[in-house]
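So the structure is just underneath, and the comments pick up after that.
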Amino acid sequence: MKMITFLLVGLIVHVIFFVSIFDIYFTSPLVHGMTPQTTPLAPPASRLVLVVADGLRADSLFTPLPDGSSRAPYLRNVMEERGAWGVSHTRVPTESRPGHVALIAGFYEDVSAVAKGWKENPVEFDSVFNESRHTWCWGSPDILPMFAKGASGDHVYTHTYPAAEEDFASTDASRLDSWVFTQVKSFFQSAKSNSSLRASLLEDQNILFLHLLGIDTNGHAHRPMSKEYLDNIGLVDTGVADLVSMVEDFFDHDGRTAYVFTSDHGMTNWGSHGAGHPSETLTPLVAWGAGVKNAQKVTAAQPYNDGFLQDWKLQHLQRVDVNQ
Ligand SMILES: [Zn+2]
């Protein structure tokens with residue numbers, strides 16, 4: 001009899017523990033069923049080009065080379081002449097998924113996906129992609145689908161390389177980024193002769209999103225001080241320069257495109273991320289184009305002087321930090 005009671009109590013305790021995971025582990029901070037609001041102010045931009053260089057550390061982009069030049073001369077020029085720059089501070093866990101959700105949906109997806117698995121969206125959420133008229137995205141099959149899945153209607157178009165073919169970049173991960181830039185180039189080429197695509201692109205409230213996984217992959221394989229990681233930054237910089245001139249040509253230099261370049265998380269010196277070391281939580285932010293002020297020179301002390309400005313040789317340019 002004692003034995004049966006013991007087993008019964010044991011069973012009940014296990015059932016309670018099992019059920020409790022689903023019941024108390026996570027409560028979503030999101031509120032559903034609200035009426036969408038719009039601002040009466042006219043937007044300064046008709047479209048946004050968002051570039052996320054996955055796994056790019058702030059210092060890897062901002063620190064000049066020993067000879068004083070930059071490994072990302074295009075973005076450096078934007079920061080010095082016609083854009084705004086700062087550090088985007090990420091939260092722990094410094095992983096790709098929560099980073100992109102913070103950037104694109106605007107909240108920290110602090111969830112445990114015990115019931116659905118990580119491939120699914122643990123909670124339904126709204127995003128800037130869903131609120132756009134059209135969003136075209138290119139990049140990794142690990143990142144893009146969650147934003148298409150969360151979108152109502154058919155206006156978020158994803159272009160990913162098949163997950164199995166991520167191997168095509170196994171010898172040189174920067175090819176993941178070349179793939180994206182090439183796809184975007186042929187997309188704009190085809191838009192010249194495809195009148196319905198062209199008409200969609202000429203509408204307002206559009207987004208183009210480029211997810212570049214090469215730097216992250218090179219960082220994991222070779223560490224952030226490696227030639228592979230650093231050269232990949234140069235490749236991305238050239239790709240962004242070409243992208244901007246292509247976009248500006250397509251829209252006839254109408255001055256209505258806003259550009260944001262950032263990263264989802266950084267990386268430690270030994271090629272990992274997930275925790276809260278500054279090498280993981282400090283990511284670069286560079287914004288320019290429609291609605292963004294030109295670079296502001298500062299003479300007084302910077303509001304965000306954490307000791308990095310001297311290393312980055314950026315004391316003279318106003319720094320605007322954000323929480324990712
Ligand atoms: Zn990432």
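Residue numbering restarts at 1 for every chain of the structure tokens, chains are lettered A, B, ... in their displayed order, and ligands are numbered from 1 as they appear.
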For chain A against ligand 1, with a cut-off of 8 Å and counting only C-alpha atoms and all ligand atoms, what is the closest atom pair and its distance in Å to one decimal for every residue that makes the cut, ordered by chain and number, as CSV?
```
residue,atom,partner,partner_atom_place_in_ligand_line,distance
A:Asp54,CA,ligand 1,1 (Zn),4.6
A:Gly55,CA,ligand 1,1 (Zn),5.0
A:Thr94,CA,ligand 1,1 (Zn),7.8
A:Glu95,CA,ligand 1,1 (Zn),5.4
A:Ser96,CA,ligand 1,1 (Zn),3.4
A:Arg97,CA,ligand 1,1 (Zn),7.0
A:Gly99,CA,ligand 1,1 (Zn),7.3
A:Leu213,CA,ligand 1,1 (Zn),7.3
A:Asp216,CA,ligand 1,1 (Zn),6.3
A:Ser263,CA,ligand 1,1 (Zn),7.8
A:Asp264,CA,ligand 1,1 (Zn),5.6
A:His265,CA,ligand 1,1 (Zn),5.9
A:Gly266,CA,ligand 1,1 (Zn),7.9
```
Residues as selected, N, CA and C atoms, written as a short mmCIF file (atom, residue, chain, number, x, y, z; two decimals), in the first residue's frame, can you do that?
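Below is the file that was written, result.cif:
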```
data_model
loop_
_atom_site.label_atom_id
_atom_site.label_comp_id
_atom_site.auth_asym_id
_atom_site.auth_seq_id
_atom_site.Cartn_x
_atom_site.Cartn_y
_atom_site.Cartn_z
N ASP A 54 25.35 40.04 -40.49
CA ASP A 54 25.22 39.13 -39.35
C ASP A 54 26.57 38.92 -38.66
N GLY A 55 26.59 39.12 -37.34
CA GLY A 55 27.80 38.83 -36.57
C GLY A 55 28.91 39.86 -36.69
N THR A 94 22.71 37.03 -27.32
CA THR A 94 23.18 37.65 -28.56
C THR A 94 23.18 36.60 -29.67
N GLU A 95 21.98 36.29 -30.12
CA GLU A 95 21.79 35.30 -31.18
C GLU A 95 21.06 35.95 -32.35
N SER A 96 21.10 35.28 -33.51
CA SER A 96 20.55 35.88 -34.72
C SER A 96 19.04 36.11 -34.65
N ARG A 97 18.34 35.11 -34.16
CA ARG A 97 16.88 35.23 -34.16
C ARG A 97 16.38 36.38 -33.27
N GLY A 99 17.96 38.91 -32.25
CA GLY A 99 18.49 40.16 -32.79
C GLY A 99 17.64 40.69 -33.93
N LEU A 213 25.10 36.75 -44.23
CA LEU A 213 25.55 35.79 -43.21
C LEU A 213 27.05 35.49 -43.28
N ASP A 216 29.41 36.45 -40.12
CA ASP A 216 29.14 35.57 -38.98
C ASP A 216 29.78 34.19 -39.20
N SER A 263 23.95 45.36 -37.52
CA SER A 263 24.26 43.95 -37.29
C SER A 263 23.35 43.42 -36.20
N ASP A 264 23.13 42.11 -36.19
CA ASP A 264 22.23 41.53 -35.19
C ASP A 264 22.92 41.29 -33.85
N HIS A 265 24.22 40.99 -33.88
CA HIS A 265 25.01 40.74 -32.66
C HIS A 265 26.47 40.76 -33.08
N GLY A 266 27.37 40.81 -32.09
CA GLY A 266 28.79 40.78 -32.38
C GLY A 266 29.36 39.38 -32.23
#
```
Identify all residues of region 99-297 of chain A in helix (DSSP H, G or I) (DSSP on the backbone) and supply them as a short mmCIF file (atom, residue, chain, number, x, y, z; two decimals) with N, CA, C and O atoms, in the first residue's frame.
```cif
data_model
loop_
_atom_site.label_atom_id
_atom_site.label_comp_id
_atom_site.auth_asym_id
_atom_site.auth_seq_id
_atom_site.Cartn_x
_atom_site.Cartn_y
_atom_site.Cartn_z
N GLY A 99 17.96 38.91 -32.25
CA GLY A 99 18.49 40.16 -32.79
C GLY A 99 17.64 40.69 -33.93
O GLY A 99 17.28 41.86 -33.97
N HIS A 100 17.30 39.80 -34.85
CA HIS A 100 16.49 40.23 -35.99
C HIS A 100 15.06 40.57 -35.57
O HIS A 100 14.46 41.50 -36.13
N VAL A 101 14.52 39.84 -34.61
CA VAL A 101 13.17 40.16 -34.13
C VAL A 101 13.18 41.55 -33.49
O VAL A 101 12.27 42.36 -33.71
N ALA A 102 14.24 41.85 -32.71
CA ALA A 102 14.33 43.18 -32.09
C ALA A 102 14.41 44.26 -33.17
O ALA A 102 13.74 45.29 -33.09
N LEU A 103 15.21 44.02 -34.21
CA LEU A 103 15.39 45.02 -35.27
C LEU A 103 14.13 45.23 -36.09
O LEU A 103 13.78 46.36 -36.43
N ILE A 104 13.46 44.15 -36.42
CA ILE A 104 12.41 44.21 -37.44
C ILE A 104 11.00 44.23 -36.83
O ILE A 104 10.08 44.79 -37.41
N ALA A 105 10.86 43.63 -35.65
CA ALA A 105 9.55 43.62 -35.00
C ALA A 105 9.51 44.54 -33.79
O ALA A 105 8.43 44.87 -33.30
N LEU A 144 14.89 34.65 -42.81
CA LEU A 144 13.83 35.31 -43.57
C LEU A 144 12.43 34.72 -43.37
O LEU A 144 11.46 35.47 -43.25
N PRO A 145 12.29 33.37 -43.34
CA PRO A 145 10.92 32.84 -43.32
C PRO A 145 10.07 33.28 -42.13
O PRO A 145 8.87 33.41 -42.26
N MET A 146 10.68 33.54 -40.97
CA MET A 146 9.84 33.89 -39.82
C MET A 146 9.09 35.20 -40.03
O MET A 146 8.00 35.40 -39.49
N PHE A 147 9.67 36.10 -40.84
CA PHE A 147 8.97 37.36 -41.07
C PHE A 147 7.92 37.23 -42.17
O PHE A 147 6.94 37.95 -42.18
N ALA A 148 8.13 36.30 -43.10
CA ALA A 148 7.11 36.05 -44.12
C ALA A 148 5.94 35.31 -43.50
O ALA A 148 4.78 35.60 -43.79
N LYS A 149 6.25 34.39 -42.58
CA LYS A 149 5.21 33.61 -41.92
C LYS A 149 4.30 34.49 -41.06
O LYS A 149 3.11 34.29 -40.99
N ALA A 163 18.81 25.68 -47.73
CA ALA A 163 19.65 25.41 -46.56
C ALA A 163 20.75 24.40 -46.88
O ALA A 163 21.89 24.53 -46.44
N ALA A 164 20.40 23.40 -47.68
CA ALA A 164 21.37 22.36 -48.03
C ALA A 164 22.53 22.94 -48.84
O ALA A 164 23.64 22.44 -48.79
N GLU A 165 22.24 24.01 -49.56
CA GLU A 165 23.27 24.59 -50.42
C GLU A 165 24.10 25.64 -49.71
O GLU A 165 24.93 26.30 -50.33
N GLU A 166 23.86 25.83 -48.38
CA GLU A 166 24.74 26.72 -47.65
C GLU A 166 26.17 26.22 -47.76
O GLU A 166 27.13 26.96 -47.57
N ASP A 167 26.30 24.94 -48.10
CA ASP A 167 27.62 24.34 -48.30
C ASP A 167 28.37 24.95 -49.47
O ASP A 167 29.59 24.86 -49.55
N PHE A 168 27.64 25.59 -50.40
CA PHE A 168 28.34 26.16 -51.54
C PHE A 168 29.34 27.21 -51.08
O PHE A 168 30.26 27.56 -51.81
N ALA A 169 29.16 27.66 -49.85
CA ALA A 169 30.07 28.67 -49.33
C ALA A 169 31.02 28.09 -48.29
O ALA A 169 31.65 28.82 -47.55
N ARG A 175 30.95 34.13 -49.93
CA ARG A 175 30.10 33.88 -51.10
C ARG A 175 28.62 33.94 -50.75
O ARG A 175 27.78 34.17 -51.63
N LEU A 176 28.28 33.74 -49.47
CA LEU A 176 26.89 33.92 -49.04
C LEU A 176 26.46 35.37 -49.30
O LEU A 176 25.31 35.63 -49.68
N ASP A 177 27.38 36.30 -49.08
CA ASP A 177 27.07 37.71 -49.27
C ASP A 177 27.10 38.09 -50.75
O ASP A 177 26.23 38.84 -51.21
N SER A 178 28.06 37.53 -51.49
CA SER A 178 28.09 37.78 -52.94
C SER A 178 26.79 37.29 -53.58
O SER A 178 26.25 37.93 -54.48
N TRP A 179 26.29 36.15 -53.09
CA TRP A 179 25.03 35.60 -53.61
C TRP A 179 23.91 36.63 -53.45
O TRP A 179 23.15 36.90 -54.39
N VAL A 180 23.82 37.22 -52.25
CA VAL A 180 22.76 38.20 -51.99
C VAL A 180 22.90 39.41 -52.91
O VAL A 180 21.94 39.83 -53.56
N PHE A 181 24.11 39.96 -52.98
CA PHE A 181 24.31 41.16 -53.82
C PHE A 181 24.00 40.86 -55.30
O PHE A 181 23.41 41.70 -56.00
N THR A 182 24.39 39.67 -55.76
CA THR A 182 24.12 39.30 -57.16
C THR A 182 22.62 39.18 -57.40
O THR A 182 22.10 39.63 -58.43
N GLN A 183 21.92 38.56 -56.45
CA GLN A 183 20.47 38.40 -56.59
C GLN A 183 19.77 39.77 -56.65
O GLN A 183 18.85 39.96 -57.45
N VAL A 184 20.20 40.68 -55.78
CA VAL A 184 19.56 42.01 -55.76
C VAL A 184 19.82 42.72 -57.09
O VAL A 184 18.94 43.38 -57.64
N LYS A 185 21.02 42.54 -57.60
CA LYS A 185 21.36 43.17 -58.88
C LYS A 185 20.46 42.64 -60.00
O LYS A 185 19.89 43.42 -60.76
N SER A 186 20.29 41.33 -60.07
CA SER A 186 19.45 40.80 -61.15
C SER A 186 17.97 41.13 -60.91
O SER A 186 17.20 41.27 -61.86
N PHE A 187 17.59 41.30 -59.64
CA PHE A 187 16.23 41.74 -59.32
C PHE A 187 15.96 43.12 -59.92
O PHE A 187 14.94 43.34 -60.59
N PHE A 188 16.90 44.04 -59.74
CA PHE A 188 16.71 45.38 -60.30
C PHE A 188 16.81 45.37 -61.82
O PHE A 188 16.12 46.14 -62.50
N GLN A 189 17.66 44.48 -62.35
CA GLN A 189 17.72 44.33 -63.80
C GLN A 189 16.36 43.93 -64.35
O GLN A 189 15.86 44.52 -65.30
N SER A 190 15.75 42.90 -63.72
CA SER A 190 14.48 42.40 -64.25
C SER A 190 13.36 43.42 -64.03
O SER A 190 12.40 43.47 -64.80
N ALA A 191 13.49 44.25 -62.97
CA ALA A 191 12.45 45.27 -62.73
C ALA A 191 12.40 46.30 -63.84
O ALA A 191 11.38 46.97 -64.03
N LYS A 192 13.50 46.44 -64.58
CA LYS A 192 13.50 47.42 -65.67
C LYS A 192 12.57 47.00 -66.79
O LYS A 192 11.95 47.83 -67.45
N SER A 193 12.46 45.68 -67.02
CA SER A 193 11.61 45.21 -68.12
C SER A 193 10.27 44.63 -67.62
O SER A 193 9.34 44.50 -68.39
N SER A 195 7.04 45.29 -65.96
CA SER A 195 6.34 46.53 -65.61
C SER A 195 5.57 46.43 -64.29
O SER A 195 5.45 47.42 -63.57
N SER A 196 5.07 45.23 -63.94
CA SER A 196 4.31 45.16 -62.68
C SER A 196 5.26 45.23 -61.48
O SER A 196 4.95 45.87 -60.47
N LEU A 197 6.43 44.58 -61.59
CA LEU A 197 7.43 44.70 -60.53
C LEU A 197 7.91 46.13 -60.39
O LEU A 197 8.03 46.68 -59.29
N ARG A 198 8.13 46.75 -61.52
CA ARG A 198 8.58 48.14 -61.52
C ARG A 198 7.55 49.05 -60.84
O ARG A 198 7.90 49.90 -60.02
N ALA A 199 6.28 48.83 -61.17
CA ALA A 199 5.21 49.64 -60.58
C ALA A 199 5.17 49.43 -59.06
O ALA A 199 4.99 50.39 -58.29
N SER A 200 5.35 48.17 -58.60
CA SER A 200 5.35 47.90 -57.17
C SER A 200 6.51 48.61 -56.48
O SER A 200 6.36 49.18 -55.40
N LEU A 201 7.67 48.58 -57.13
CA LEU A 201 8.85 49.21 -56.54
C LEU A 201 8.70 50.73 -56.44
O LEU A 201 9.24 51.36 -55.53
N LEU A 202 7.95 51.30 -57.37
CA LEU A 202 7.80 52.76 -57.37
C LEU A 202 6.76 53.25 -56.37
O LEU A 202 6.63 54.45 -56.15
N GLY A 214 27.75 36.02 -44.28
CA GLY A 214 29.15 35.66 -44.49
C GLY A 214 30.07 35.99 -43.32
O GLY A 214 30.90 35.17 -42.91
N ILE A 215 29.93 37.21 -42.78
CA ILE A 215 30.83 37.65 -41.70
C ILE A 215 30.65 36.76 -40.47
O ILE A 215 31.64 36.34 -39.84
N ASP A 216 29.41 36.45 -40.12
CA ASP A 216 29.14 35.57 -38.98
C ASP A 216 29.78 34.19 -39.20
O ASP A 216 30.45 33.66 -38.32
N THR A 217 29.57 33.65 -40.39
CA THR A 217 30.10 32.31 -40.69
C THR A 217 31.63 32.31 -40.66
O THR A 217 32.25 31.41 -40.10
N ASN A 218 32.23 33.35 -41.23
CA ASN A 218 33.68 33.45 -41.19
C ASN A 218 34.20 33.64 -39.77
O ASN A 218 35.27 33.14 -39.42
N GLY A 219 33.44 34.37 -38.95
CA GLY A 219 33.85 34.57 -37.56
C GLY A 219 33.85 33.27 -36.77
O GLY A 219 34.75 33.00 -35.98
N HIS A 220 32.82 32.45 -36.98
CA HIS A 220 32.75 31.15 -36.30
C HIS A 220 33.89 30.24 -36.77
O HIS A 220 34.51 29.55 -35.97
N ALA A 221 34.18 30.26 -38.06
CA ALA A 221 35.16 29.34 -38.61
C ALA A 221 36.59 29.81 -38.36
O ALA A 221 37.48 28.99 -38.10
N HIS A 222 36.83 31.12 -38.43
CA HIS A 222 38.22 31.62 -38.40
C HIS A 222 38.49 32.64 -37.31
O HIS A 222 39.60 33.14 -37.21
N LYS A 227 41.89 37.07 -41.31
CA LYS A 227 41.85 37.72 -42.61
C LYS A 227 40.48 37.49 -43.26
O LYS A 227 39.92 38.39 -43.88
N GLU A 228 39.94 36.25 -43.10
CA GLU A 228 38.65 35.92 -43.72
C GLU A 228 37.55 36.84 -43.22
O GLU A 228 36.76 37.38 -44.01
N TYR A 229 37.47 37.01 -41.89
CA TYR A 229 36.42 37.86 -41.29
C TYR A 229 36.59 39.31 -41.74
O TYR A 229 35.64 39.96 -42.17
N LEU A 230 37.83 39.80 -41.66
CA LEU A 230 38.08 41.21 -41.97
C LEU A 230 37.92 41.50 -43.47
O LEU A 230 37.36 42.53 -43.85
N ASP A 231 38.38 40.57 -44.31
CA ASP A 231 38.20 40.76 -45.75
C ASP A 231 36.72 40.76 -46.14
O ASP A 231 36.30 41.47 -47.05
N ASN A 232 35.95 39.96 -45.41
CA ASN A 232 34.51 39.89 -45.69
C ASN A 232 33.83 41.25 -45.43
O ASN A 232 32.89 41.63 -46.13
N ILE A 233 34.37 41.99 -44.45
CA ILE A 233 33.82 43.33 -44.17
C ILE A 233 34.06 44.23 -45.38
O ILE A 233 33.18 44.99 -45.79
N GLY A 234 35.26 44.12 -45.99
CA GLY A 234 35.55 44.90 -47.19
C GLY A 234 34.63 44.54 -48.34
O GLY A 234 34.16 45.42 -49.07
N LEU A 235 34.35 43.26 -48.48
CA LEU A 235 33.46 42.80 -49.55
C LEU A 235 32.04 43.36 -49.35
O LEU A 235 31.40 43.82 -50.30
N VAL A 236 31.58 43.35 -48.10
CA VAL A 236 30.25 43.89 -47.80
C VAL A 236 30.22 45.40 -48.08
O VAL A 236 29.25 45.92 -48.64
N ASP A 237 31.28 46.09 -47.70
CA ASP A 237 31.35 47.54 -47.93
C ASP A 237 31.23 47.85 -49.43
O ASP A 237 30.46 48.73 -49.83
N THR A 238 31.98 47.13 -50.25
CA THR A 238 31.90 47.32 -51.71
C THR A 238 30.50 46.98 -52.21
O THR A 238 29.95 47.69 -53.06
N GLY A 239 29.93 45.89 -51.69
CA GLY A 239 28.58 45.48 -52.08
C GLY A 239 27.55 46.55 -51.76
O GLY A 239 26.66 46.83 -52.56
N VAL A 240 27.68 47.18 -50.58
CA VAL A 240 26.75 48.23 -50.19
C VAL A 240 26.91 49.44 -51.11
O VAL A 240 25.92 50.04 -51.55
N ALA A 241 28.16 49.79 -51.43
CA ALA A 241 28.40 50.93 -52.32
C ALA A 241 27.72 50.70 -53.67
O ALA A 241 27.03 51.58 -54.20
N ASP A 242 27.89 49.49 -54.24
CA ASP A 242 27.26 49.17 -55.53
C ASP A 242 25.74 49.18 -55.42
O ASP A 242 25.04 49.66 -56.31
N LEU A 243 25.25 48.62 -54.31
CA LEU A 243 23.81 48.56 -54.08
C LEU A 243 23.21 49.96 -54.07
O LEU A 243 22.19 50.22 -54.73
N VAL A 244 23.85 50.87 -53.33
CA VAL A 244 23.31 52.23 -53.21
C VAL A 244 23.28 52.91 -54.58
O VAL A 244 22.27 53.52 -54.95
N SER A 245 24.34 52.76 -55.37
CA SER A 245 24.32 53.45 -56.67
C SER A 245 23.27 52.83 -57.59
O SER A 245 22.61 53.53 -58.35
N MET A 246 23.08 51.52 -57.47
CA MET A 246 22.05 50.85 -58.27
C MET A 246 20.64 51.33 -57.88
O MET A 246 19.81 51.64 -58.74
N VAL A 247 20.39 51.39 -56.56
CA VAL A 247 19.08 51.85 -56.07
C VAL A 247 18.84 53.29 -56.48
O VAL A 247 17.76 53.65 -56.97
N GLU A 248 19.85 54.14 -56.30
CA GLU A 248 19.69 55.55 -56.65
C GLU A 248 19.41 55.72 -58.14
O GLU A 248 18.58 56.54 -58.53
N ASP A 249 20.09 54.95 -58.98
CA ASP A 249 19.84 55.01 -60.42
C ASP A 249 18.42 54.58 -60.75
O ASP A 249 17.72 55.23 -61.53
N PHE A 250 17.98 53.48 -60.12
CA PHE A 250 16.66 52.96 -60.43
C PHE A 250 15.58 53.98 -60.09
O PHE A 250 14.62 54.15 -60.84
N PRO A 278 30.94 42.89 -24.19
CA PRO A 278 30.81 44.00 -25.15
C PRO A 278 31.12 43.62 -26.60
O PRO A 278 30.51 44.17 -27.52
N SER A 279 32.03 42.68 -26.81
CA SER A 279 32.32 42.26 -28.19
C SER A 279 31.09 41.62 -28.83
O SER A 279 30.97 41.59 -30.06
N GLU A 280 30.17 41.13 -27.99
CA GLU A 280 28.95 40.50 -28.52
C GLU A 280 27.77 41.48 -28.56
O GLU A 280 26.91 41.37 -29.43
N THR A 281 27.72 42.42 -27.60
CA THR A 281 26.53 43.29 -27.50
C THR A 281 26.67 44.62 -28.22
O THR A 281 25.68 45.31 -28.41
#
```
Would you mind listing what lies within 7 Å of Ser140 (chain A) as a PyMOL selection string, with only C-alpha atoms counted and same-chain residues fewer than 6 positions away left out?
chain A and resi 160-161+211+213
Selected residues written out with C-alpha atoms, as a PDB file, in the first residue's frame:
```pdb
ATOM      1  CA  THR A 160      16.911  32.431 -49.820  1.00  0.00           C
ATOM      2  CA  TYR A 161      19.573  29.969 -50.821  1.00  0.00           C
ATOM      3  CA  HIS A 211      20.645  39.600 -44.670  1.00  0.00           C
ATOM      4  CA  LEU A 213      25.553  35.789 -43.212  1.00  0.00           C
TER       5      LEU A 213
END
```
Output as a PyMOL selection string all residues of region 112-235 of chain A that backbone DSSP marks as strand (DSSP E).
chain A and resi 134-139+156-160+206-212
Residue selection dump (all heavy atoms) as a compact mmCIF listing (two decimals), in the first residue's frame:
```txt
# COMPACT_ATOMS: atom_id res chain seq x y z
N HIS A 134 5.26 46.54 -49.62
CA HIS A 134 5.97 45.36 -50.12
C HIS A 134 7.31 45.28 -49.41
O HIS A 134 7.96 46.31 -49.22
CB HIS A 134 6.26 45.46 -51.62
CG HIS A 134 5.07 45.73 -52.48
ND1 HIS A 134 4.18 44.75 -52.85
CD2 HIS A 134 4.63 46.88 -53.05
CE1 HIS A 134 3.24 45.27 -53.62
NE2 HIS A 134 3.48 46.56 -53.76
N THR A 135 7.73 44.08 -49.07
CA THR A 135 9.11 43.87 -48.59
C THR A 135 9.74 42.76 -49.41
O THR A 135 9.17 41.68 -49.53
CB THR A 135 9.13 43.50 -47.09
OG1 THR A 135 8.64 44.60 -46.32
CG2 THR A 135 10.56 43.18 -46.64
N TRP A 136 10.90 43.07 -49.97
CA TRP A 136 11.67 42.04 -50.68
C TRP A 136 12.88 41.74 -49.82
O TRP A 136 13.61 42.67 -49.41
CB TRP A 136 12.12 42.55 -52.05
CG TRP A 136 10.99 42.77 -53.01
CD1 TRP A 136 10.45 41.85 -53.87
CD2 TRP A 136 10.25 43.99 -53.23
NE1 TRP A 136 9.43 42.42 -54.61
CE2 TRP A 136 9.29 43.72 -54.23
CE3 TRP A 136 10.30 45.28 -52.67
CZ2 TRP A 136 8.40 44.70 -54.69
CZ3 TRP A 136 9.43 46.24 -53.12
CH2 TRP A 136 8.47 45.95 -54.12
N CYS A 137 13.13 40.47 -49.51
CA CYS A 137 14.32 40.15 -48.71
C CYS A 137 15.14 39.05 -49.33
O CYS A 137 14.61 38.16 -50.01
CB CYS A 137 13.98 39.75 -47.28
SG CYS A 137 12.29 39.57 -46.82
N TRP A 138 16.43 39.12 -49.08
CA TRP A 138 17.39 38.14 -49.59
C TRP A 138 18.28 37.71 -48.44
O TRP A 138 18.73 38.56 -47.66
CB TRP A 138 18.27 38.77 -50.68
CG TRP A 138 17.54 39.19 -51.90
CD1 TRP A 138 17.36 38.46 -53.05
CD2 TRP A 138 16.86 40.44 -52.13
NE1 TRP A 138 16.62 39.18 -53.96
CE2 TRP A 138 16.30 40.39 -53.42
CE3 TRP A 138 16.66 41.60 -51.35
CZ2 TRP A 138 15.58 41.46 -53.96
CZ3 TRP A 138 15.94 42.64 -51.88
CH2 TRP A 138 15.40 42.57 -53.18
N GLY A 139 18.56 36.42 -48.34
CA GLY A 139 19.49 35.98 -47.31
C GLY A 139 19.25 34.56 -46.85
O GLY A 139 18.80 33.70 -47.63
N VAL A 156 5.33 40.00 -48.43
CA VAL A 156 6.72 39.85 -47.98
C VAL A 156 7.34 38.72 -48.81
O VAL A 156 6.94 37.57 -48.70
CB VAL A 156 6.81 39.53 -46.47
CG1 VAL A 156 8.27 39.33 -46.06
CG2 VAL A 156 6.17 40.64 -45.65
N TYR A 157 8.26 39.10 -49.70
CA TYR A 157 8.81 38.14 -50.64
C TYR A 157 10.23 37.77 -50.23
O TYR A 157 11.09 38.65 -50.10
CB TYR A 157 8.83 38.73 -52.07
CG TYR A 157 7.58 39.53 -52.40
CD1 TYR A 157 7.62 40.92 -52.42
CD2 TYR A 157 6.38 38.89 -52.65
CE1 TYR A 157 6.49 41.66 -52.69
CE2 TYR A 157 5.23 39.62 -52.93
CZ TYR A 157 5.29 41.01 -52.95
OH TYR A 157 4.17 41.74 -53.22
N THR A 158 10.47 36.49 -50.00
CA THR A 158 11.79 36.07 -49.53
C THR A 158 12.54 35.32 -50.62
O THR A 158 11.97 34.51 -51.34
CB THR A 158 11.66 35.17 -48.29
OG1 THR A 158 10.87 34.03 -48.65
CG2 THR A 158 10.99 35.88 -47.15
N HIS A 159 13.82 35.62 -50.71
CA HIS A 159 14.72 34.93 -51.64
C HIS A 159 15.87 34.36 -50.83
O HIS A 159 16.74 35.11 -50.39
CB HIS A 159 15.27 35.90 -52.69
CG HIS A 159 14.18 36.63 -53.42
ND1 HIS A 159 13.60 37.78 -52.92
CD2 HIS A 159 13.57 36.38 -54.60
CE1 HIS A 159 12.68 38.20 -53.78
NE2 HIS A 159 12.64 37.37 -54.80
N THR A 160 15.85 33.05 -50.62
CA THR A 160 16.91 32.43 -49.82
C THR A 160 17.63 31.37 -50.64
O THR A 160 17.05 30.79 -51.55
CB THR A 160 16.35 31.75 -48.56
OG1 THR A 160 15.50 30.67 -48.98
CG2 THR A 160 15.53 32.71 -47.72
N ASN A 206 7.82 50.85 -49.06
CA ASN A 206 8.48 49.60 -49.42
C ASN A 206 9.77 49.39 -48.62
O ASN A 206 10.39 50.35 -48.17
CB ASN A 206 8.83 49.60 -50.91
CG ASN A 206 7.60 49.34 -51.77
OD1 ASN A 206 6.61 48.80 -51.30
ND2 ASN A 206 7.68 49.72 -53.03
N ILE A 207 10.14 48.13 -48.49
CA ILE A 207 11.39 47.78 -47.79
C ILE A 207 12.17 46.76 -48.62
O ILE A 207 11.60 45.84 -49.18
CB ILE A 207 11.10 47.19 -46.39
CG1 ILE A 207 10.37 48.21 -45.51
CG2 ILE A 207 12.40 46.75 -45.71
CD1 ILE A 207 9.96 47.70 -44.16
N LEU A 208 13.48 46.98 -48.66
CA LEU A 208 14.39 45.99 -49.23
C LEU A 208 15.31 45.57 -48.09
O LEU A 208 15.92 46.42 -47.44
CB LEU A 208 15.22 46.61 -50.36
CG LEU A 208 14.42 47.17 -51.54
CD1 LEU A 208 15.28 48.12 -52.37
CD2 LEU A 208 13.91 46.05 -52.41
N PHE A 209 15.38 44.28 -47.82
CA PHE A 209 16.17 43.78 -46.68
C PHE A 209 17.21 42.79 -47.17
O PHE A 209 16.87 41.79 -47.81
CB PHE A 209 15.24 43.13 -45.65
CG PHE A 209 15.96 42.36 -44.57
CD1 PHE A 209 17.02 42.92 -43.89
CD2 PHE A 209 15.54 41.08 -44.23
CE1 PHE A 209 17.69 42.20 -42.89
CE2 PHE A 209 16.19 40.36 -43.23
CZ PHE A 209 17.27 40.92 -42.56
N LEU A 210 18.47 43.09 -46.87
CA LEU A 210 19.56 42.19 -47.23
C LEU A 210 20.15 41.59 -45.96
O LEU A 210 20.65 42.33 -45.10
CB LEU A 210 20.67 42.94 -47.99
CG LEU A 210 20.41 43.27 -49.46
CD1 LEU A 210 19.38 44.39 -49.61
CD2 LEU A 210 21.72 43.70 -50.13
N HIS A 211 20.05 40.29 -45.82
CA HIS A 211 20.64 39.60 -44.67
C HIS A 211 21.93 38.93 -45.13
O HIS A 211 21.91 38.03 -45.98
CB HIS A 211 19.67 38.56 -44.11
CG HIS A 211 20.31 37.69 -43.07
ND1 HIS A 211 20.50 36.34 -43.23
CD2 HIS A 211 20.83 37.99 -41.87
CE1 HIS A 211 21.10 35.85 -42.16
NE2 HIS A 211 21.31 36.83 -41.32
N LEU A 212 23.07 39.38 -44.57
CA LEU A 212 24.39 38.92 -45.03
C LEU A 212 25.03 38.03 -43.96
O LEU A 212 25.44 38.51 -42.91
CB LEU A 212 25.28 40.13 -45.32
CG LEU A 212 24.67 41.16 -46.29
CD1 LEU A 212 25.52 42.42 -46.34
CD2 LEU A 212 24.49 40.57 -47.68
```
